[in-house]
Amino acid sequence: MRTHYVGDTPLDDARLTEDLEVSDSLTWSEAYSDYVFGGAWKSCMLWARGGDPGDGVVTHYDHERPAAFTPFADRLPYLRKLIEDVADLDRLNFVRLAKVQNSVIIPHRDLLELSDLADETRNAHRMHIPLVTNEDCFFNEGDTVYRMRRGEVWFLDASEIHSVAVLSSQERVHLMFDFVDVPSSKPLTTVRGAGPDAGIPDDRTVKRPPLTDAEHAGLMRLADILTPETVNEVFSIVIKRHFRSDGGENFVWRTMTDIARAAADPAVLAHVEELRRHYTLERAA
């Protein structure tokens, strides 16, 4: 399903705050934090196969068992009701409460490692509802950078290369829904609004200035310090620049490859090319 903004769902500030405070005492997984530069990507499973919170890695669940609320959801009554109200539970596969701060996420495709699962158990459609966010939280797809606002309902085409930046010390907290792709007469969400053809609204996109020659030259000088030990730091700088300046399509991977090619250590280029394969082309479960 194409990335698009659907509409808004009202949030009860007091009840949401209470649930989020309780959630701090729950067990959070840091699975998938290898996608993140700067900090951890933390998640807490509220709905999963077998109702098991598990370790947060979706391929580690028993996909033969029906999906259900986890014990964590039972401790968050407001968020549990919100999930019941906005989602088609018959096709709902996973729901995670996810938070991140002061971090960027490597451009990647999701779902690559799920190809062996049957349609009725494989994540196919992803929906986001931001619960806590701010103006320094961004998404990216292609050459488009955009914001999801608090209380908005979005579908994200996770099969496309996308990335995220949270350039703030304030935690960004989202509800993330994964649905299976099986026929149904019902929509995936009860929230009414725009369909997939609407795409990303213009007023949600971030108008970035073009990358200057001086900025490009500055990035290329990072080749002087690029080693296997500094790859993550250099990657983070390139991704952050992408969210502030428009360097064109495929900017991050193209720029990282150019910097690695200019580095003194030839092992760096092989490493960057392997990262690109893993995160955007093929990935084992």
# chains A, B, ... in the order shown; residues from 1 in each chain; ligands from 1

$ residues_around --residues "stretch 61-71 of chain A" --least-positions-apart "4" --cutoff "8 Å" --atoms "only C-alpha atoms" --output "PDB file with all heavy atoms, in the first residue's frame"
ATOM      1  N   MET A  45       5.691  -4.770  22.729  1.00  0.00           N
ATOM      2  CA  MET A  45       4.669  -5.435  21.933  1.00  0.00           C
ATOM      3  C   MET A  45       3.340  -5.478  22.685  1.00  0.00           C
ATOM      4  O   MET A  45       3.250  -6.033  23.780  1.00  0.00           O
ATOM      5  CB  MET A  45       5.132  -6.848  21.597  1.00  0.00           C
ATOM      6  CG  MET A  45       4.414  -7.466  20.419  1.00  0.00           C
ATOM      7  SD  MET A  45       4.784  -6.668  18.833  1.00  0.00           S
ATOM      8  CE  MET A  45       6.352  -7.442  18.405  1.00  0.00           C
ATOM      9  N   LEU A  46       2.306  -4.881  22.064  1.00  0.00           N
ATOM     10  CA  LEU A  46       0.978  -4.833  22.678  1.00  0.00           C
ATOM     11  C   LEU A  46       0.006  -5.838  22.052  1.00  0.00           C
ATOM     12  O   LEU A  46      -0.995  -6.187  22.687  1.00  0.00           O
ATOM     13  CB  LEU A  46       0.397  -3.412  22.560  1.00  0.00           C
ATOM     14  CG  LEU A  46       1.262  -2.275  23.112  1.00  0.00           C
ATOM     15  CD1 LEU A  46       0.498  -0.962  23.047  1.00  0.00           C
ATOM     16  CD2 LEU A  46       1.717  -2.570  24.538  1.00  0.00           C
ATOM     17  N   TRP A  47       0.269  -6.259  20.849  1.00  0.00           N
ATOM     18  CA  TRP A  47      -0.566  -7.247  20.150  1.00  0.00           C
ATOM     19  C   TRP A  47       0.397  -8.095  19.321  1.00  0.00           C
ATOM     20  O   TRP A  47       1.231  -7.555  18.592  1.00  0.00           O
ATOM     21  CB  TRP A  47      -1.573  -6.525  19.265  1.00  0.00           C
ATOM     22  CG  TRP A  47      -2.413  -7.381  18.343  1.00  0.00           C
ATOM     23  CD1 TRP A  47      -2.043  -7.900  17.124  1.00  0.00           C
ATOM     24  CD2 TRP A  47      -3.775  -7.791  18.528  1.00  0.00           C
ATOM     25  NE1 TRP A  47      -3.075  -8.602  16.556  1.00  0.00           N
ATOM     26  CE2 TRP A  47      -4.156  -8.550  17.399  1.00  0.00           C
ATOM     27  CE3 TRP A  47      -4.707  -7.593  19.538  1.00  0.00           C
ATOM     28  CZ2 TRP A  47      -5.424  -9.100  17.249  1.00  0.00           C
ATOM     29  CZ3 TRP A  47      -5.977  -8.147  19.401  1.00  0.00           C
ATOM     30  CH2 TRP A  47      -6.330  -8.888  18.266  1.00  0.00           C
ATOM     31  N   ALA A  48       0.303  -9.405  19.457  1.00  0.00           N
ATOM     32  CA  ALA A  48       1.265 -10.266  18.771  1.00  0.00           C
ATOM     33  C   ALA A  48       0.695 -11.661  18.613  1.00  0.00           C
ATOM     34  O   ALA A  48      -0.317 -12.025  19.241  1.00  0.00           O
ATOM     35  CB  ALA A  48       2.576 -10.327  19.557  1.00  0.00           C
ATOM     36  N   ARG A  49       1.356 -12.450  17.811  1.00  0.00           N
ATOM     37  CA  ARG A  49       0.983 -13.842  17.641  1.00  0.00           C
ATOM     38  C   ARG A  49       1.054 -14.573  18.986  1.00  0.00           C
ATOM     39  O   ARG A  49       2.052 -14.486  19.708  1.00  0.00           O
ATOM     40  CB  ARG A  49       1.915 -14.520  16.639  1.00  0.00           C
ATOM     41  CG  ARG A  49       1.676 -14.078  15.209  1.00  0.00           C
ATOM     42  CD  ARG A  49       0.452 -14.769  14.636  1.00  0.00           C
ATOM     43  NE  ARG A  49      -0.055 -14.099  13.446  1.00  0.00           N
ATOM     44  CZ  ARG A  49      -1.072 -14.565  12.724  1.00  0.00           C
ATOM     45  NH1 ARG A  49      -1.680 -15.690  13.078  1.00  0.00           N
ATOM     46  NH2 ARG A  49      -1.498 -13.912  11.674  1.00  0.00           N
ATOM     47  N   GLY A  50      -0.053 -15.236  19.326  1.00  0.00           N
ATOM     48  CA  GLY A  50      -0.132 -15.962  20.585  1.00  0.00           C
ATOM     49  C   GLY A  50      -0.289 -15.075  21.801  1.00  0.00           C
ATOM     50  O   GLY A  50      -0.288 -15.571  22.931  1.00  0.00           O
ATOM     51  N   GLY A  51      -0.434 -13.746  21.591  1.00  0.00           N
ATOM     52  CA  GLY A  51      -0.533 -12.833  22.735  1.00  0.00           C
ATOM     53  C   GLY A  51       0.744 -12.790  23.552  1.00  0.00           C
ATOM     54  O   GLY A  51       0.729 -12.427  24.734  1.00  0.00           O
ATOM     55  N   ASP A  52       1.858 -13.135  22.929  1.00  0.00           N
ATOM     56  CA  ASP A  52       3.153 -13.237  23.614  1.00  0.00           C
ATOM     57  C   ASP A  52       3.974 -11.981  23.343  1.00  0.00           C
ATOM     58  O   ASP A  52       4.249 -11.671  22.185  1.00  0.00           O
ATOM     59  CB  ASP A  52       3.884 -14.469  23.090  1.00  0.00           C
ATOM     60  CG  ASP A  52       5.240 -14.691  23.743  1.00  0.00           C
ATOM     61  OD1 ASP A  52       5.592 -13.927  24.662  1.00  0.00           O
ATOM     62  OD2 ASP A  52       5.938 -15.625  23.318  1.00  0.00           O
ATOM     63  N   PRO A  53       4.409 -11.252  24.383  1.00  0.00           N
ATOM     64  CA  PRO A  53       5.239 -10.063  24.138  1.00  0.00           C
ATOM     65  C   PRO A  53       6.527 -10.397  23.399  1.00  0.00           C
ATOM     66  O   PRO A  53       6.997  -9.618  22.577  1.00  0.00           O
ATOM     67  CB  PRO A  53       5.535  -9.534  25.544  1.00  0.00           C
ATOM     68  CG  PRO A  53       4.454 -10.098  26.411  1.00  0.00           C
ATOM     69  CD  PRO A  53       4.105 -11.425  25.817  1.00  0.00           C
ATOM     70  N   GLY A  54       7.101 -11.562  23.671  1.00  0.00           N
ATOM     71  CA  GLY A  54       8.278 -12.017  22.955  1.00  0.00           C
ATOM     72  C   GLY A  54       9.462 -11.074  23.075  1.00  0.00           C
ATOM     73  O   GLY A  54       9.547 -10.255  23.994  1.00  0.00           O
ATOM     74  N   VAL A  57      11.352  -9.352  17.871  1.00  0.00           N
ATOM     75  CA  VAL A  57      11.768  -9.724  16.510  1.00  0.00           C
ATOM     76  C   VAL A  57      10.624 -10.510  15.870  1.00  0.00           C
ATOM     77  O   VAL A  57      10.310 -11.618  16.320  1.00  0.00           O
ATOM     78  CB  VAL A  57      13.054 -10.570  16.527  1.00  0.00           C
ATOM     79  CG1 VAL A  57      13.448 -10.966  15.100  1.00  0.00           C
ATOM     80  CG2 VAL A  57      14.178  -9.802  17.198  1.00  0.00           C
ATOM     81  N   ARG A  75      -2.136  -3.716  30.744  1.00  0.00           N
ATOM     82  CA  ARG A  75      -1.734  -2.693  31.706  1.00  0.00           C
ATOM     83  C   ARG A  75      -1.862  -1.289  31.136  1.00  0.00           C
ATOM     84  O   ARG A  75      -1.618  -0.310  31.849  1.00  0.00           O
ATOM     85  CB  ARG A  75      -0.301  -2.954  32.161  1.00  0.00           C
ATOM     86  CG  ARG A  75      -0.152  -4.273  32.926  1.00  0.00           C
ATOM     87  CD  ARG A  75       1.260  -4.484  33.421  1.00  0.00           C
ATOM     88  NE  ARG A  75       1.694  -3.392  34.294  1.00  0.00           N
ATOM     89  CZ  ARG A  75       2.939  -3.271  34.763  1.00  0.00           C
ATOM     90  NH1 ARG A  75       3.864  -4.162  34.419  1.00  0.00           N
ATOM     91  NH2 ARG A  75       3.264  -2.259  35.544  1.00  0.00           N
ATOM     92  N   ARG A  80      -5.004   0.111  24.670  1.00  0.00           N
ATOM     93  CA  ARG A  80      -5.705  -1.088  24.216  1.00  0.00           C
ATOM     94  C   ARG A  80      -7.033  -0.705  23.549  1.00  0.00           C
ATOM     95  O   ARG A  80      -7.369  -1.222  22.476  1.00  0.00           O
ATOM     96  CB  ARG A  80      -5.954  -2.023  25.401  1.00  0.00           C
ATOM     97  CG  ARG A  80      -6.779  -3.251  25.007  1.00  0.00           C
ATOM     98  CD  ARG A  80      -6.930  -4.247  26.129  1.00  0.00           C
ATOM     99  NE  ARG A  80      -7.872  -5.292  25.734  1.00  0.00           N
ATOM    100  CZ  ARG A  80      -7.719  -6.582  25.975  1.00  0.00           C
ATOM    101  NH1 ARG A  80      -6.653  -7.011  26.625  1.00  0.00           N
ATOM    102  NH2 ARG A  80      -8.625  -7.460  25.588  1.00  0.00           N
ATOM    103  N   LEU A  92      -5.119  -7.844  11.990  1.00  0.00           N
ATOM    104  CA  LEU A  92      -4.029  -7.231  12.735  1.00  0.00           C
ATOM    105  C   LEU A  92      -3.025  -8.299  13.166  1.00  0.00           C
ATOM    106  O   LEU A  92      -3.400  -9.296  13.779  1.00  0.00           O
ATOM    107  CB  LEU A  92      -4.589  -6.497  13.953  1.00  0.00           C
ATOM    108  CG  LEU A  92      -3.610  -5.630  14.747  1.00  0.00           C
ATOM    109  CD1 LEU A  92      -3.002  -4.539  13.870  1.00  0.00           C
ATOM    110  CD2 LEU A  92      -4.333  -5.000  15.949  1.00  0.00           C
ATOM    111  N   ASN A  93      -1.764  -8.102  12.860  1.00  0.00           N
ATOM    112  CA  ASN A  93      -0.728  -9.092  13.132  1.00  0.00           C
ATOM    113  C   ASN A  93       0.111  -8.712  14.346  1.00  0.00           C
ATOM    114  O   ASN A  93       0.340  -9.524  15.229  1.00  0.00           O
ATOM    115  CB  ASN A  93       0.175  -9.235  11.903  1.00  0.00           C
ATOM    116  CG  ASN A  93       0.645 -10.655  11.673  1.00  0.00           C
ATOM    117  OD1 ASN A  93       0.019 -11.607  12.138  1.00  0.00           O
ATOM    118  ND2 ASN A  93       1.737 -10.811  10.936  1.00  0.00           N
ATOM    119  N   PHE A  94       0.601  -7.472  14.384  1.00  0.00           N
ATOM    120  CA  PHE A  94       1.408  -6.970  15.487  1.00  0.00           C
ATOM    121  C   PHE A  94       1.067  -5.504  15.737  1.00  0.00           C
ATOM    122  O   PHE A  94       0.730  -4.773  14.801  1.00  0.00           O
ATOM    123  CB  PHE A  94       2.915  -7.065  15.173  1.00  0.00           C
ATOM    124  CG  PHE A  94       3.444  -8.461  15.048  1.00  0.00           C
ATOM    125  CD1 PHE A  94       3.556  -9.073  13.812  1.00  0.00           C
ATOM    126  CD2 PHE A  94       3.845  -9.168  16.180  1.00  0.00           C
ATOM    127  CE1 PHE A  94       4.042 -10.357  13.694  1.00  0.00           C
ATOM    128  CE2 PHE A  94       4.329 -10.450  16.074  1.00  0.00           C
ATOM    129  CZ  PHE A  94       4.429 -11.054  14.831  1.00  0.00           C
ATOM    130  N   THR A 121      -0.200 -14.773   7.589  1.00  0.00           N
ATOM    131  CA  THR A 121       0.594 -14.523   8.799  1.00  0.00           C
ATOM    132  C   THR A 121       1.735 -13.532   8.568  1.00  0.00           C
ATOM    133  O   THR A 121       2.457 -13.204   9.504  1.00  0.00           O
ATOM    134  CB  THR A 121       1.206 -15.828   9.341  1.00  0.00           C
ATOM    135  OG1 THR A 121       2.109 -16.378   8.378  1.00  0.00           O
ATOM    136  CG2 THR A 121       0.125 -16.848   9.661  1.00  0.00           C
TER     137      THR A 121
END

$ residues_around --residues "stretch 234-244 of chain A" --least-positions-apart "6" --cutoff "10 Å" --atoms "only C-alpha atoms" --output "MDAnalysis selection string"
chainID A and resid 36:38 103:107 136:140 143:146 163:167 206:211 215:216 219:220 222:223 225:227 250:253 255:256 259:260 272

$ write_last_selection --atoms "N, CA and C atoms" --output "tab-separated table (two decimals), in the first residue's frame"
chain	number	residue	atom	x	y	z
A	36	VAL	N	19.75	1.76	13.75
A	36	VAL	CA	19.75	3.10	14.34
A	36	VAL	C	21.16	3.59	14.62
A	37	PHE	N	21.43	4.84	14.30
A	37	PHE	CA	22.67	5.50	14.68
A	37	PHE	C	22.34	6.58	15.69
A	38	GLY	N	22.93	6.49	16.87
A	38	GLY	CA	22.73	7.51	17.89
A	38	GLY	C	22.20	6.96	19.19
A	103	SER	N	18.35	10.22	17.31
A	103	SER	CA	18.84	9.14	16.46
A	103	SER	C	18.37	9.31	15.03
A	104	VAL	N	19.09	8.65	14.13
A	104	VAL	CA	18.63	8.52	12.75
A	104	VAL	C	18.62	7.03	12.41
A	105	ILE	N	17.75	6.67	11.48
A	105	ILE	CA	17.61	5.27	11.07
A	105	ILE	C	18.11	5.12	9.65
A	106	ILE	N	18.91	4.11	9.42
A	106	ILE	CA	19.52	3.86	8.12
A	106	ILE	C	18.44	3.65	7.06
A	107	PRO	N	18.59	4.20	5.87
A	107	PRO	CA	17.61	3.92	4.81
A	107	PRO	C	17.51	2.42	4.55
A	136	ASP	N	11.05	18.27	15.07
A	136	ASP	CA	12.34	17.72	14.69
A	136	ASP	C	12.29	16.22	14.48
A	137	CYS	N	11.10	15.69	14.22
A	137	CYS	CA	10.92	14.27	13.90
A	137	CYS	C	10.48	14.16	12.44
A	138	PHE	N	11.21	13.36	11.67
A	138	PHE	CA	10.99	13.31	10.23
A	138	PHE	C	10.96	11.88	9.72
A	139	PHE	N	10.23	11.69	8.62
A	139	PHE	CA	10.29	10.47	7.83
A	139	PHE	C	10.82	10.84	6.45
A	140	ASN	N	11.31	9.84	5.74
A	140	ASN	CA	11.80	10.05	4.39
A	140	ASN	C	11.47	8.85	3.52
A	143	ASP	N	12.94	10.96	-2.34
A	143	ASP	CA	13.56	12.25	-2.04
A	143	ASP	C	12.60	13.15	-1.27
A	144	THR	N	11.56	12.56	-0.68
A	144	THR	CA	10.57	13.32	0.07
A	144	THR	C	10.79	13.16	1.56
A	145	VAL	N	10.94	14.28	2.25
A	145	VAL	CA	11.01	14.30	3.71
A	145	VAL	C	9.70	14.88	4.22
A	146	TYR	N	9.12	14.24	5.23
A	146	TYR	CA	7.81	14.69	5.70
A	146	TYR	C	7.66	14.41	7.19
A	163	SER	N	13.61	6.10	5.65
A	163	SER	CA	14.44	6.35	6.83
A	163	SER	C	13.73	7.32	7.75
A	164	VAL	N	14.31	7.52	8.93
A	164	VAL	CA	13.69	8.32	9.98
A	164	VAL	C	14.79	9.14	10.66
A	165	ALA	N	14.42	10.34	11.08
A	165	ALA	CA	15.32	11.14	11.91
A	165	ALA	C	14.53	11.70	13.08
A	166	VAL	N	15.05	11.53	14.28
A	166	VAL	CA	14.51	12.16	15.48
A	166	VAL	C	15.66	13.01	16.03
A	167	LEU	N	15.66	14.27	15.62
A	167	LEU	CA	16.78	15.16	15.95
A	167	LEU	C	16.44	15.98	17.18
A	206	VAL	N	8.62	18.54	4.00
A	206	VAL	CA	9.61	19.51	4.47
A	206	VAL	C	10.37	20.04	3.26
A	207	LYS	N	10.30	21.35	3.07
A	207	LYS	CA	10.97	21.98	1.93
A	207	LYS	C	12.43	22.26	2.30
A	208	ARG	N	13.32	21.44	1.81
A	208	ARG	CA	14.75	21.56	2.13
A	208	ARG	C	15.47	22.33	1.03
A	209	PRO	N	16.46	23.13	1.40
A	209	PRO	CA	17.26	23.81	0.37
A	209	PRO	C	18.13	22.80	-0.36
A	210	PRO	N	18.48	23.08	-1.61
A	210	PRO	CA	19.37	22.16	-2.35
A	210	PRO	C	20.73	22.04	-1.65
A	211	LEU	N	21.29	20.85	-1.70
A	211	LEU	CA	22.63	20.63	-1.18
A	211	LEU	C	23.61	21.49	-1.96
A	215	GLU	N	28.72	21.98	0.80
A	215	GLU	CA	28.24	20.91	1.68
A	215	GLU	C	28.67	19.55	1.15
A	216	HIS	N	28.55	19.37	-0.16
A	216	HIS	CA	28.96	18.10	-0.76
A	216	HIS	C	30.45	17.87	-0.57
A	219	LEU	N	31.18	16.78	2.95
A	219	LEU	CA	30.87	15.37	3.18
A	219	LEU	C	31.95	14.47	2.59
A	220	MET	N	32.43	14.82	1.42
A	220	MET	CA	33.46	13.99	0.79
A	220	MET	C	34.75	14.00	1.59
A	222	LEU	N	34.95	13.59	4.60
A	222	LEU	CA	34.82	12.57	5.63
A	222	LEU	C	35.55	11.28	5.25
A	223	ALA	N	35.90	11.15	3.98
A	223	ALA	CA	36.68	9.99	3.55
A	223	ALA	C	38.01	9.92	4.28
A	225	ILE	N	38.58	10.37	7.34
A	225	ILE	CA	38.47	9.77	8.68
A	225	ILE	C	37.63	8.49	8.67
A	226	LEU	N	37.19	8.09	7.48
A	226	LEU	CA	36.32	6.91	7.39
A	226	LEU	C	37.15	5.63	7.51
A	227	THR	N	36.86	4.87	8.55
A	227	THR	CA	37.48	3.58	8.79
A	227	THR	C	36.37	2.62	9.21
A	250	ASN	N	18.16	8.90	-3.70
A	250	ASN	CA	19.14	7.91	-3.22
A	250	ASN	C	20.38	8.58	-2.66
A	251	PHE	N	20.22	9.76	-2.08
A	251	PHE	CA	21.35	10.56	-1.63
A	251	PHE	C	22.22	9.83	-0.62
A	252	VAL	N	21.62	9.21	0.39
A	252	VAL	CA	22.39	8.65	1.49
A	252	VAL	C	23.28	7.51	1.02
A	253	TRP	N	22.69	6.51	0.36
A	253	TRP	CA	23.50	5.37	-0.07
A	253	TRP	C	24.50	5.78	-1.15
A	255	THR	N	25.93	8.74	-1.53
A	255	THR	CA	26.99	9.53	-0.92
A	255	THR	C	27.91	8.67	-0.06
A	256	MET	N	27.31	7.76	0.72
A	256	MET	CA	28.15	6.88	1.54
A	256	MET	C	29.06	6.01	0.67
A	259	ILE	N	31.93	8.25	-0.56
A	259	ILE	CA	32.88	8.52	0.51
A	259	ILE	C	33.72	7.27	0.78
A	260	ALA	N	33.09	6.10	0.81
A	260	ALA	CA	33.81	4.86	1.08
A	260	ALA	C	34.80	4.56	-0.04
A	272	VAL	N	30.36	-1.06	3.33
A	272	VAL	CA	29.20	-0.24	2.98
A	272	VAL	C	28.33	-0.95	1.94

$ select_by_dssp --residues "stretch 65-232 of chain A" --states "helix (DSSP H, G or I)" --output "ChimeraX atom specification"
/A:71-74,77-86,112-114,196-198,202-204,213-224,231-232

$ residues_around --residues "A:Arg149" --least-positions-apart "4" --cutoff "9 Å" --atoms "only C-alpha atoms" --output "ChimeraX atom specification"
/A:129-135,153,204

$ closest_residue --among "A:Val182, A:Ile161, A:Phe72, A:His108" --to "A:Leu275" --atoms "only C-alpha atoms"
A:His108

$ closest_residue --among "A:Val100, A:Leu117, A:Leu76, A:Met127" --to "A:Val191" --atoms "only C-alpha atoms"
A:Met127

$ residues_around --residues "A:Arg283" --least-positions-apart "3" --cutoff "12 Å" --atoms "only C-alpha atoms" --output "PyMOL selection string"
chain A and resi 108-116+274-280

$ atom_distance --atom1 "atom CA of A:Glu120" --atom2 "atom CA of A:Asp88"
13.9 Å
